[in-house]
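A.B. asks: Pasting final.txt here (compact mmCIF, N, CA and C atoms):
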# COMPACT_ATOMS: atom_id res chain seq x y z
N MET A 1308 112.73 8.03 -89.42
CA MET A 1308 113.23 7.38 -90.60
C MET A 1308 114.20 6.27 -90.16
N ASP A 1309 114.03 5.09 -90.77
CA ASP A 1309 114.88 3.94 -90.44
C ASP A 1309 116.33 4.18 -90.86
N LEU A 1310 117.25 3.59 -90.10
CA LEU A 1310 118.67 3.71 -90.41
C LEU A 1310 118.99 3.14 -91.79
N SER A 1311 118.35 2.02 -92.16
CA SER A 1311 118.62 1.43 -93.48
C SER A 1311 118.21 2.38 -94.60
N ILE A 1312 117.17 3.15 -94.39
CA ILE A 1312 116.73 4.11 -95.40
C ILE A 1312 117.71 5.29 -95.45
N LYS A 1313 118.19 5.72 -94.29
CA LYS A 1313 119.20 6.79 -94.28
C LYS A 1313 120.44 6.35 -95.05
N ARG A 1314 120.81 5.09 -94.91
CA ARG A 1314 121.97 4.58 -95.65
C ARG A 1314 121.73 4.59 -97.15
N LEU A 1315 120.51 4.21 -97.56
CA LEU A 1315 120.18 4.24 -99.00
C LEU A 1315 120.23 5.68 -99.53
N LEU A 1316 119.71 6.61 -98.75
CA LEU A 1316 119.75 8.02 -99.18
C LEU A 1316 121.19 8.48 -99.34
N ASN A 1317 122.04 8.09 -98.41
CA ASN A 1317 123.46 8.46 -98.51
C ASN A 1317 124.11 7.80 -99.72
N ARG A 1318 123.81 6.51 -99.95
CA ARG A 1318 124.41 5.78 -101.07
C ARG A 1318 124.08 6.43 -102.40
N TYR A 1319 122.84 6.88 -102.55
CA TYR A 1319 122.41 7.47 -103.81
C TYR A 1319 122.51 9.00 -103.80
N ASP A 1320 123.07 9.54 -102.73
CA ASP A 1320 123.26 10.99 -102.59
C ASP A 1320 121.96 11.75 -102.81
N ILE A 1321 120.94 11.36 -102.06
CA ILE A 1321 119.62 11.98 -102.15
C ILE A 1321 119.38 12.77 -100.87
N LYS A 1322 118.93 13.98 -101.02
CA LYS A 1322 118.55 14.82 -99.88
C LYS A 1322 117.03 14.76 -99.73
N VAL A 1323 116.56 14.89 -98.50
CA VAL A 1323 115.13 14.95 -98.22
C VAL A 1323 114.83 16.30 -97.59
N GLU A 1324 113.83 16.98 -98.14
CA GLU A 1324 113.39 18.25 -97.58
C GLU A 1324 111.91 18.15 -97.27
N TYR A 1325 111.52 18.72 -96.14
CA TYR A 1325 110.14 18.65 -95.66
C TYR A 1325 109.49 20.03 -95.75
N THR A 1326 108.21 20.02 -96.10
CA THR A 1326 107.47 21.28 -96.20
C THR A 1326 105.97 21.01 -96.01
N ASN A 1327 105.27 22.03 -95.57
CA ASN A 1327 103.81 21.99 -95.51
C ASN A 1327 103.20 22.72 -96.70
N GLU A 1328 104.04 23.16 -97.63
CA GLU A 1328 103.61 24.00 -98.74
C GLU A 1328 103.24 23.20 -99.99
N VAL A 1329 103.15 21.87 -99.89
CA VAL A 1329 102.83 21.05 -101.07
C VAL A 1329 101.58 20.22 -100.81
N GLU A 1330 100.88 19.89 -101.88
CA GLU A 1330 99.68 19.06 -101.76
C GLU A 1330 100.01 17.59 -101.94
N PHE A 1331 101.10 17.28 -102.64
CA PHE A 1331 101.48 15.89 -102.87
C PHE A 1331 102.16 15.32 -101.62
N THR A 1332 102.22 13.99 -101.56
CA THR A 1332 102.89 13.33 -100.44
C THR A 1332 104.40 13.51 -100.55
N ALA A 1333 104.94 13.19 -101.72
CA ALA A 1333 106.38 13.35 -101.97
C ALA A 1333 106.64 13.29 -103.45
N ARG A 1334 107.71 13.94 -103.86
CA ARG A 1334 108.16 13.87 -105.25
C ARG A 1334 109.67 13.95 -105.28
N LEU A 1335 110.22 13.29 -106.27
CA LEU A 1335 111.66 13.28 -106.48
C LEU A 1335 112.00 14.29 -107.57
N PHE A 1336 112.99 15.12 -107.30
CA PHE A 1336 113.41 16.13 -108.26
C PHE A 1336 114.90 16.00 -108.53
N LYS A 1337 115.26 16.16 -109.79
CA LYS A 1337 116.67 16.23 -110.18
C LYS A 1337 117.01 17.71 -110.23
N THR A 1338 117.95 18.13 -109.40
CA THR A 1338 118.34 19.54 -109.34
C THR A 1338 119.82 19.66 -109.70
N PRO A 1339 120.29 20.87 -109.96
CA PRO A 1339 121.71 21.03 -110.25
C PRO A 1339 122.61 20.55 -109.09
N LYS A 1340 122.07 20.54 -107.88
CA LYS A 1340 122.84 20.10 -106.72
C LYS A 1340 122.62 18.62 -106.39
N GLY A 1341 121.85 17.91 -107.21
CA GLY A 1341 121.61 16.49 -106.99
C GLY A 1341 120.14 16.17 -106.82
N MET A 1342 119.88 14.94 -106.42
CA MET A 1342 118.50 14.47 -106.27
C MET A 1342 117.94 14.93 -104.92
N VAL A 1343 116.68 15.38 -104.94
CA VAL A 1343 116.02 15.85 -103.73
C VAL A 1343 114.60 15.28 -103.71
N ILE A 1344 114.23 14.73 -102.56
CA ILE A 1344 112.84 14.31 -102.34
C ILE A 1344 112.19 15.40 -101.51
N ILE A 1345 111.15 16.01 -102.06
CA ILE A 1345 110.36 17.00 -101.33
C ILE A 1345 109.17 16.24 -100.74
N MET A 1346 109.04 16.30 -99.41
CA MET A 1346 107.99 15.54 -98.73
C MET A 1346 107.11 16.48 -97.91
N ARG A 1347 105.85 16.11 -97.84
CA ARG A 1347 104.93 16.82 -96.96
C ARG A 1347 105.33 16.51 -95.51
N SER A 1348 105.38 17.50 -94.69
CA SER A 1348 105.74 17.33 -93.28
C SER A 1348 104.66 16.60 -92.51
N GLY A 1349 105.08 15.93 -91.44
CA GLY A 1349 104.13 15.37 -90.48
C GLY A 1349 103.60 13.99 -90.77
N MET A 1350 104.19 13.28 -91.71
CA MET A 1350 103.75 11.91 -91.98
C MET A 1350 104.20 10.98 -90.86
N PRO A 1351 103.43 9.95 -90.56
CA PRO A 1351 103.92 8.93 -89.61
C PRO A 1351 105.18 8.29 -90.17
N ASP A 1352 106.07 7.85 -89.27
CA ASP A 1352 107.36 7.28 -89.68
C ASP A 1352 107.22 6.16 -90.70
N GLU A 1353 106.29 5.25 -90.47
CA GLU A 1353 106.14 4.11 -91.37
C GLU A 1353 105.77 4.57 -92.78
N MET A 1354 104.87 5.52 -92.88
CA MET A 1354 104.47 6.04 -94.19
C MET A 1354 105.63 6.78 -94.84
N GLU A 1355 106.36 7.56 -94.04
CA GLU A 1355 107.52 8.27 -94.56
C GLU A 1355 108.53 7.29 -95.14
N ASN A 1356 108.79 6.20 -94.43
CA ASN A 1356 109.72 5.18 -94.93
C ASN A 1356 109.27 4.61 -96.26
N GLN A 1357 107.98 4.28 -96.36
CA GLN A 1357 107.45 3.71 -97.59
C GLN A 1357 107.56 4.69 -98.75
N VAL A 1358 107.25 5.94 -98.49
CA VAL A 1358 107.29 6.96 -99.53
C VAL A 1358 108.72 7.17 -100.02
N ILE A 1359 109.67 7.23 -99.09
CA ILE A 1359 111.07 7.41 -99.49
C ILE A 1359 111.55 6.21 -100.29
N LEU A 1360 111.20 5.00 -99.85
CA LEU A 1360 111.59 3.80 -100.61
C LEU A 1360 111.00 3.82 -102.01
N HIS A 1361 109.76 4.27 -102.14
CA HIS A 1361 109.12 4.39 -103.45
C HIS A 1361 109.93 5.34 -104.34
N GLU A 1362 110.31 6.49 -103.79
CA GLU A 1362 111.07 7.47 -104.58
C GLU A 1362 112.45 6.93 -104.94
N ILE A 1363 113.11 6.22 -104.02
CA ILE A 1363 114.39 5.59 -104.34
C ILE A 1363 114.19 4.56 -105.45
N GLY A 1364 113.05 3.88 -105.44
CA GLY A 1364 112.73 2.92 -106.50
C GLY A 1364 112.73 3.57 -107.87
N HIS A 1365 112.30 4.82 -107.96
CA HIS A 1365 112.35 5.52 -109.24
C HIS A 1365 113.80 5.66 -109.72
N ILE A 1366 114.68 5.99 -108.82
CA ILE A 1366 116.09 6.16 -109.21
C ILE A 1366 116.68 4.83 -109.65
N LYS A 1367 116.41 3.78 -108.89
CA LYS A 1367 116.97 2.47 -109.22
C LYS A 1367 116.40 1.92 -110.52
N ASN A 1368 115.12 2.19 -110.80
CA ASN A 1368 114.47 1.57 -111.95
C ASN A 1368 114.48 2.42 -113.21
N ASP A 1369 114.27 3.71 -113.07
CA ASP A 1369 114.14 4.52 -114.29
C ASP A 1369 115.00 5.77 -114.28
N GLY A 1370 115.83 5.93 -113.26
CA GLY A 1370 116.74 7.07 -113.25
C GLY A 1370 116.06 8.41 -113.17
N CYS A 1371 114.84 8.45 -112.64
CA CYS A 1371 114.11 9.70 -112.47
C CYS A 1371 113.80 10.35 -113.82
N GLN A 1372 113.43 9.55 -114.80
CA GLN A 1372 113.05 10.08 -116.11
C GLN A 1372 111.68 10.75 -116.01
N SER A 1373 111.43 11.63 -116.93
CA SER A 1373 110.10 12.25 -117.00
C SER A 1373 109.13 11.25 -117.61
N TYR A 1374 107.88 11.38 -117.21
CA TYR A 1374 106.85 10.56 -117.82
C TYR A 1374 106.66 11.01 -119.26
N ARG A 1375 106.81 10.09 -120.20
CA ARG A 1375 106.60 10.44 -121.60
C ARG A 1375 105.12 10.38 -121.97
N ASP A 1376 104.43 9.44 -121.40
CA ASP A 1376 103.00 9.30 -121.64
C ASP A 1376 102.40 8.50 -120.49
N TRP A 1377 101.11 8.26 -120.51
CA TRP A 1377 100.46 7.58 -119.39
C TRP A 1377 100.94 6.15 -119.24
N ARG A 1378 101.32 5.49 -120.35
CA ARG A 1378 101.81 4.11 -120.25
C ARG A 1378 103.15 4.05 -119.50
N SER A 1379 104.05 4.96 -119.85
CA SER A 1379 105.35 4.97 -119.16
C SER A 1379 105.17 5.34 -117.70
N ARG A 1380 104.24 6.22 -117.40
CA ARG A 1380 103.98 6.57 -116.00
C ARG A 1380 103.50 5.35 -115.22
N ILE A 1381 102.58 4.58 -115.78
CA ILE A 1381 102.07 3.38 -115.10
C ILE A 1381 103.20 2.41 -114.82
N VAL A 1382 104.05 2.18 -115.80
CA VAL A 1382 105.16 1.24 -115.63
C VAL A 1382 106.14 1.75 -114.59
N MET A 1383 106.49 3.02 -114.64
CA MET A 1383 107.47 3.57 -113.70
C MET A 1383 106.91 3.58 -112.27
N GLU A 1384 105.64 3.88 -112.09
CA GLU A 1384 105.03 3.85 -110.76
C GLU A 1384 104.95 2.42 -110.23
N LYS A 1385 104.61 1.48 -111.10
CA LYS A 1385 104.56 0.07 -110.71
C LYS A 1385 105.93 -0.41 -110.25
N ASP A 1386 106.95 -0.08 -111.01
CA ASP A 1386 108.31 -0.50 -110.66
C ASP A 1386 108.76 0.13 -109.33
N ALA A 1387 108.45 1.39 -109.12
CA ALA A 1387 108.82 2.05 -107.86
C ALA A 1387 108.08 1.42 -106.68
N ASN A 1388 106.79 1.09 -106.88
CA ASN A 1388 106.03 0.41 -105.82
C ASN A 1388 106.63 -0.96 -105.51
N GLU A 1389 107.02 -1.68 -106.54
CA GLU A 1389 107.60 -3.01 -106.32
C GLU A 1389 108.92 -2.92 -105.55
N TYR A 1390 109.72 -1.91 -105.83
CA TYR A 1390 110.97 -1.73 -105.09
C TYR A 1390 110.65 -1.49 -103.61
N MET A 1391 109.72 -0.57 -103.34
CA MET A 1391 109.33 -0.28 -101.95
C MET A 1391 108.79 -1.53 -101.28
N LEU A 1392 107.88 -2.23 -101.96
CA LEU A 1392 107.26 -3.42 -101.37
C LEU A 1392 108.29 -4.50 -101.09
N ASP A 1393 109.25 -4.68 -101.99
CA ASP A 1393 110.28 -5.69 -101.78
C ASP A 1393 111.01 -5.46 -100.46
N LYS A 1394 111.35 -4.22 -100.17
CA LYS A 1394 112.05 -3.88 -98.92
C LYS A 1394 111.14 -4.10 -97.71
N VAL A 1395 109.91 -3.63 -97.78
CA VAL A 1395 109.01 -3.69 -96.63
C VAL A 1395 108.52 -5.13 -96.39
N VAL A 1396 108.25 -5.88 -97.46
CA VAL A 1396 107.83 -7.29 -97.32
C VAL A 1396 108.95 -8.11 -96.66
N GLY A 1397 110.20 -7.83 -97.02
CA GLY A 1397 111.31 -8.54 -96.39
C GLY A 1397 111.31 -8.36 -94.88
N ASP A 1398 111.08 -7.13 -94.43
CA ASP A 1398 111.00 -6.87 -92.98
C ASP A 1398 109.81 -7.60 -92.37
N TYR A 1399 108.69 -7.61 -93.08
CA TYR A 1399 107.48 -8.30 -92.59
C TYR A 1399 107.74 -9.80 -92.42
N ILE A 1400 108.36 -10.41 -93.40
CA ILE A 1400 108.65 -11.85 -93.34
C ILE A 1400 109.55 -12.15 -92.14
N ASN A 1401 110.53 -11.32 -91.92
CA ASN A 1401 111.45 -11.53 -90.80
C ASN A 1401 110.78 -11.33 -89.44
N SER A 1402 109.68 -10.60 -89.39
CA SER A 1402 109.02 -10.31 -88.12
C SER A 1402 107.87 -11.26 -87.80
N CYS A 1403 107.50 -12.14 -88.73
CA CYS A 1403 106.33 -13.01 -88.54
C CYS A 1403 106.73 -14.48 -88.45
N ASP A 1404 105.89 -15.21 -87.76
CA ASP A 1404 105.97 -16.67 -87.82
C ASP A 1404 105.53 -17.07 -89.22
N PRO A 1405 106.25 -18.00 -89.87
CA PRO A 1405 105.91 -18.37 -91.25
C PRO A 1405 104.44 -18.76 -91.45
N SER A 1406 103.85 -19.39 -90.46
CA SER A 1406 102.45 -19.80 -90.62
C SER A 1406 101.48 -18.63 -90.57
N GLU A 1407 101.97 -17.46 -90.16
CA GLU A 1407 101.11 -16.28 -90.04
C GLU A 1407 101.26 -15.30 -91.20
N LEU A 1408 102.14 -15.59 -92.16
CA LEU A 1408 102.32 -14.68 -93.29
C LEU A 1408 101.04 -14.59 -94.09
N ASN A 1409 100.62 -13.38 -94.39
CA ASN A 1409 99.34 -13.16 -95.04
C ASN A 1409 99.41 -11.82 -95.78
N SER A 1410 99.19 -11.84 -97.07
CA SER A 1410 99.34 -10.62 -97.87
C SER A 1410 98.34 -9.53 -97.47
N ILE A 1411 97.11 -9.91 -97.18
CA ILE A 1411 96.10 -8.92 -96.78
C ILE A 1411 96.48 -8.32 -95.43
N ASP A 1412 96.94 -9.15 -94.50
CA ASP A 1412 97.39 -8.66 -93.20
C ASP A 1412 98.52 -7.64 -93.39
N PHE A 1413 99.46 -7.99 -94.26
CA PHE A 1413 100.57 -7.08 -94.55
C PHE A 1413 100.05 -5.73 -95.05
N LEU A 1414 99.15 -5.76 -96.03
CA LEU A 1414 98.64 -4.52 -96.62
C LEU A 1414 97.89 -3.68 -95.58
N GLU A 1415 97.11 -4.35 -94.72
CA GLU A 1415 96.37 -3.63 -93.69
C GLU A 1415 97.31 -3.04 -92.64
N ARG A 1416 98.34 -3.79 -92.25
CA ARG A 1416 99.31 -3.29 -91.27
C ARG A 1416 100.03 -2.05 -91.76
N HIS A 1417 100.24 -1.99 -93.07
CA HIS A 1417 101.01 -0.89 -93.65
C HIS A 1417 100.14 0.14 -94.36
N ASN A 1418 98.83 0.05 -94.16
CA ASN A 1418 97.89 1.01 -94.76
C ASN A 1418 98.10 1.17 -96.25
N LEU A 1419 98.25 0.04 -96.94
CA LEU A 1419 98.45 0.04 -98.38
C LEU A 1419 97.21 -0.49 -99.08
N SER A 1420 97.03 -0.11 -100.31
CA SER A 1420 95.87 -0.52 -101.09
C SER A 1420 95.87 -2.03 -101.34
N GLN A 1421 94.69 -2.63 -101.25
CA GLN A 1421 94.59 -4.06 -101.53
C GLN A 1421 94.81 -4.37 -103.01
N SER A 1422 94.87 -3.36 -103.84
CA SER A 1422 95.20 -3.59 -105.25
C SER A 1422 96.63 -4.09 -105.40
N LEU A 1423 97.44 -3.97 -104.34
CA LEU A 1423 98.82 -4.46 -104.36
C LEU A 1423 98.94 -5.90 -103.90
N ASP A 1424 97.80 -6.55 -103.63
CA ASP A 1424 97.80 -7.91 -103.08
C ASP A 1424 98.58 -8.89 -103.96
N TYR A 1425 98.35 -8.87 -105.26
CA TYR A 1425 99.02 -9.81 -106.17
C TYR A 1425 100.54 -9.65 -106.08
N THR A 1426 101.00 -8.41 -106.09
CA THR A 1426 102.43 -8.14 -106.01
C THR A 1426 103.00 -8.62 -104.67
N VAL A 1427 102.29 -8.33 -103.58
CA VAL A 1427 102.75 -8.75 -102.26
C VAL A 1427 102.80 -10.27 -102.16
N ARG A 1428 101.77 -10.94 -102.67
CA ARG A 1428 101.78 -12.42 -102.65
C ARG A 1428 103.01 -12.97 -103.37
N ASN A 1429 103.30 -12.40 -104.53
CA ASN A 1429 104.47 -12.86 -105.30
C ASN A 1429 105.77 -12.59 -104.56
N LEU A 1430 105.87 -11.43 -103.92
CA LEU A 1430 107.08 -11.12 -103.16
C LEU A 1430 107.24 -12.07 -101.97
N ILE A 1431 106.15 -12.37 -101.30
CA ILE A 1431 106.22 -13.33 -100.19
C ILE A 1431 106.66 -14.68 -100.73
N ARG A 1432 106.07 -15.07 -101.84
CA ARG A 1432 106.41 -16.37 -102.44
C ARG A 1432 107.90 -16.42 -102.82
N GLU A 1433 108.40 -15.36 -103.43
CA GLU A 1433 109.81 -15.30 -103.83
C GLU A 1433 110.75 -15.28 -102.64
N ASN A 1434 110.33 -14.59 -101.58
CA ASN A 1434 111.20 -14.40 -100.42
C ASN A 1434 111.05 -15.48 -99.36
N TYR A 1435 110.04 -16.30 -99.48
CA TYR A 1435 109.84 -17.35 -98.49
C TYR A 1435 109.43 -18.62 -99.22
N SER A 1436 110.29 -19.59 -99.21
CA SER A 1436 110.10 -20.80 -100.03
C SER A 1436 108.93 -21.67 -99.60
N ASN A 1437 108.46 -21.55 -98.39
CA ASN A 1437 107.39 -22.41 -97.89
C ASN A 1437 106.03 -21.73 -98.05
N PHE A 1438 105.74 -21.24 -99.27
CA PHE A 1438 104.51 -20.49 -99.52
C PHE A 1438 103.26 -21.32 -99.27
N GLY A 1439 103.35 -22.64 -99.34
CA GLY A 1439 102.18 -23.49 -99.12
C GLY A 1439 101.56 -23.31 -97.76
N ASN A 1440 102.32 -22.82 -96.78
CA ASN A 1440 101.80 -22.61 -95.43
C ASN A 1440 101.30 -21.20 -95.21
N ILE A 1441 101.38 -20.35 -96.23
CA ILE A 1441 100.98 -18.95 -96.05
C ILE A 1441 99.48 -18.83 -96.28
N LYS A 1442 98.83 -18.15 -95.33
CA LYS A 1442 97.38 -17.99 -95.42
C LYS A 1442 97.04 -16.94 -96.46
N ASN A 1443 95.89 -17.11 -97.11
CA ASN A 1443 95.42 -16.13 -98.10
C ASN A 1443 94.64 -15.03 -97.44
I'd like the structure from this file rewritten - as structure tokens, please.
C.D. replies:
Amino acid sequence: MDLSIKRLLNRYDIKVEYTNEVEFTARLFKTPKGMVIIMRSGMPDEMENQVILHEIGHIKNDGCQSYRDWRSRIVMEKDANEYMLDKVVGDYINSCDPSELNSIDFLERHNLSQSLDYTVRNLIRENYSNFGNIKN
């Protein structure tokens, strides 16, 4: 787990617990002792970082509210994904030559769905002013 993610967990007072007893990748729970992310054990570090950032995105965007219906779930998942992507895209931009920035390359490097391409393109555009040189 990256140091920056450990700092975010400390800032929001979130604990992470690992188990092999769950079928889901990770979920955020509000408990009497605070927020806890229950994660499946054994994920690669990069995936673990993305999953934790996604769960922190729920806290930042919707305060870990319950899904009221399928529409609210879609919006809350989208917002959590955008929070995670914003953090990871920033690292990607800093690690690449500007002429090599490419949303599909980013998604493939991070094993993310190409359905996130539009969001990643917009984040690259927002975070890097010279979007005209970015390959599609």
A.B. asks: Can you check which residues of chain A DSSP gives as helix (DSSP H, G or I) on the backbone and send them as number ranges by chain?
C.D. replies: A: 1310-1318, 1352-1369, 1377-1402, 1405-1407, 1410-1416, 1421-1434, 1438-1440
A.B. asks: Which is closest to Gly1364 (chain A) among A:Leu1414, A:Val1427, A:Met1383, A:Leu1419, if we use all atoms listed in the file?
C.D. replies: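 Checking each of A:Leu1414, A:Val1427, A:Met1383, A:Leu1419 against Gly1364 (chain A), counting all atoms listed in the file, the winner is A:Met1383.
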A.B. asks: For the atom pair CA of His1365 (chain A) and CA of Ala1387 (chain A), what is the interatomic distance in Å to one decimal place?
C.D. replies: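 So the two atoms, CA of His1365 (chain A) and CA of Ala1387 (chain A), lie 5.1 Å apart.
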A.B. asks: As a list in words, please: all residues of chain A that backbone DSSP puts in strand (DSSP E or B).
C.D. replies: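 So, restricting chain A to strand (DSSP E or B), we get Ile1321, Lys1322, Val1323, Glu1324, Tyr1325, Thr1326, Ala1333, Arg1334, Leu1335, Phe1336, Lys1337, Thr1338, Gly1341, Met1342, Val1343, Ile1344, Ile1345, Met1346, Arg1347, Asn1409 and Lys1442 of chain A.
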A.B. asks: Taking (100.4, 23.5, -93.8) in the coordinates of the supplied file, I want to know which residues reach to within 9 Å of it, counting only C-alpha atoms; could you give the answer as a list of chain:residue names?
C.D. replies: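 Neighbouring residues, ordered by chain and number, come to A:Thr1326, A:Asn1327, A:Glu1328, A:Val1329, A:Arg1347, A:Ser1348.
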A.B. asks: What is the CA of Lys1322 (chain A) to atom C of Asp1393 (chain A) distance in Å?
C.D. replies: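 Going from CA of Lys1322 (chain A) over to atom C of Asp1393 (chain A) covers 21.6 Å.
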A.B. asks: Enclose all atoms of region 1391-1397 of chain A listed in the file in an axis-aligned box, grow every side by 8 Å, and hand back centre and edge lengths in Å to one decimal, as lines of an AutoDock Vina configuration file.
C.D. replies:
center_x = 109.7
center_y = -4.4
center_z = -99.1
size_x = 20.8
size_y = 24.3
size_z = 24.5
A.B. asks: What separation in Å, quoted to one decimal, exists between CA of Leu1315 (chain A) and atom C of Met1354 (chain A)?
C.D. replies: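 Computing the Euclidean distance for CA of Leu1315 (chain A) and atom C of Met1354 (chain A) yields 15.3 Å.
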A.B. asks: Restricting the calculation to all atoms listed in the file: of A:Val1395, A:Leu1335, A:Ile1400, A:Glu1389, which residue gets closest to Thr1426 (chain A)?
C.D. replies: A:Glu1389
A.B. asks: List every protein, DNA or RNA residue that has at least one atom no more than 6.5 Å from (108.4, 17.8, -104.4) in the file's coordinates, counting only N, CA and C atoms, and write the result as a list in words.
C.D. replies: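 Checked against the point, the hits come out as Ala1333, Arg1334, Leu1335, Phe1336, Ile1344, Ile1345 and Met1346 of chain A.
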A.B. asks: Given the choices A:Ile1411, A:Cys1403, A:Ile1366, A:Val1343, which gets closest to Val1323 (chain A) if the distance is worked out from only N, CA and C atoms?
C.D. replies: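 Ranking A:Ile1411, A:Cys1403, A:Ile1366, A:Val1343 by distance to Val1323 (chain A), first place goes to A:Val1343.
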A.B. asks: So, with all atoms listed in the file as the atoms that count, which of A:Met1342, A:Lys1313, A:Asn1434, A:Glu1330 lies closest to Gly1397 (chain A)?
C.D. replies: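 Selected residue with least distance to Gly1397 (chain A): A:Asn1434.
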A.B. asks: Choose the residue, out of A:Asn1418, A:Tyr1325, A:Asn1368, A:Glu1362, that has the smallest atom-to-atom separation from Gly1349 (chain A); count all atoms listed in the file.
C.D. replies: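 For Gly1349 (chain A), the nearest of the given residues is A:Tyr1325.
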A.B. asks: Could region 1349-1408 of chain A be written out with C-alpha atoms, as a short mmCIF file (atom, residue, chain, number, x, y, z; two decimals), in the first residue's frame, please?
C.D. replies:
data_model
loop_
_atom_site.label_atom_id
_atom_site.label_comp_id
_atom_site.auth_asym_id
_atom_site.auth_seq_id
_atom_site.Cartn_x
_atom_site.Cartn_y
_atom_site.Cartn_z
CA GLY A 1349 -3.89 -11.34 -1.72
CA MET A 1350 -4.60 -8.57 -4.21
CA PRO A 1351 -1.65 -7.09 -6.10
CA ASP A 1352 -0.52 -3.78 -4.55
CA GLU A 1353 -1.68 -1.67 -7.48
CA MET A 1354 -5.18 -3.15 -7.39
CA GLU A 1355 -5.31 -2.80 -3.61
CA ASN A 1356 -4.42 0.89 -3.93
CA GLN A 1357 -7.15 1.46 -6.52
CA VAL A 1358 -9.76 -0.36 -4.46
CA ILE A 1359 -8.91 1.58 -1.30
CA LEU A 1360 -9.02 4.89 -3.21
CA HIS A 1361 -12.43 3.90 -4.59
CA GLU A 1362 -13.73 3.22 -1.08
CA ILE A 1363 -12.28 6.51 0.22
CA GLY A 1364 -14.11 8.15 -2.70
CA HIS A 1365 -17.38 6.94 -1.20
CA ILE A 1366 -16.60 8.72 2.06
CA LYS A 1367 -15.56 11.93 0.32
CA ASN A 1368 -18.53 11.97 -2.06
CA ASP A 1369 -21.49 10.40 -0.31
CA GLY A 1370 -20.46 9.78 3.28
CA CYS A 1371 -20.96 6.02 2.97
CA GLN A 1372 -24.73 6.30 2.54
CA SER A 1373 -26.77 3.24 1.75
CA TYR A 1374 -27.94 2.77 -1.79
CA ARG A 1375 -31.54 3.95 -1.92
CA ASP A 1376 -32.19 2.61 -5.40
CA TRP A 1377 -30.28 1.58 -8.52
CA ARG A 1378 -29.98 5.20 -9.72
CA SER A 1379 -28.30 6.36 -6.51
CA ARG A 1380 -26.00 3.33 -6.63
CA ILE A 1381 -24.89 4.20 -10.18
CA VAL A 1382 -24.16 7.80 -9.21
CA MET A 1383 -22.31 6.86 -6.01
CA GLU A 1384 -20.19 4.22 -7.79
CA LYS A 1385 -19.39 6.66 -10.60
CA ASP A 1386 -18.31 9.32 -8.12
CA ALA A 1387 -16.13 6.87 -6.18
CA ASN A 1388 -14.50 5.70 -9.44
CA GLU A 1389 -13.82 9.30 -10.45
CA TYR A 1390 -12.14 9.99 -7.11
CA MET A 1391 -9.91 6.93 -7.53
CA LEU A 1392 -9.14 7.76 -11.15
CA ASP A 1393 -8.28 11.37 -10.33
CA LYS A 1394 -5.57 10.19 -7.91
CA VAL A 1395 -4.18 7.46 -10.18
CA VAL A 1396 -4.30 9.58 -13.38
CA GLY A 1397 -2.30 12.29 -11.59
CA ASP A 1398 0.46 9.77 -10.86
CA TYR A 1399 0.31 8.55 -14.47
CA ILE A 1400 0.69 12.08 -15.86
CA ASN A 1401 3.69 12.70 -13.62
CA SER A 1402 5.36 9.47 -14.77
CA CYS A 1403 4.93 9.94 -18.55
CA ASP A 1404 6.36 12.14 -21.23
CA PRO A 1405 3.49 14.47 -22.26
CA SER A 1406 3.58 13.21 -25.84
CA GLU A 1407 3.01 9.65 -24.59
CA LEU A 1408 -0.13 10.29 -22.51
#
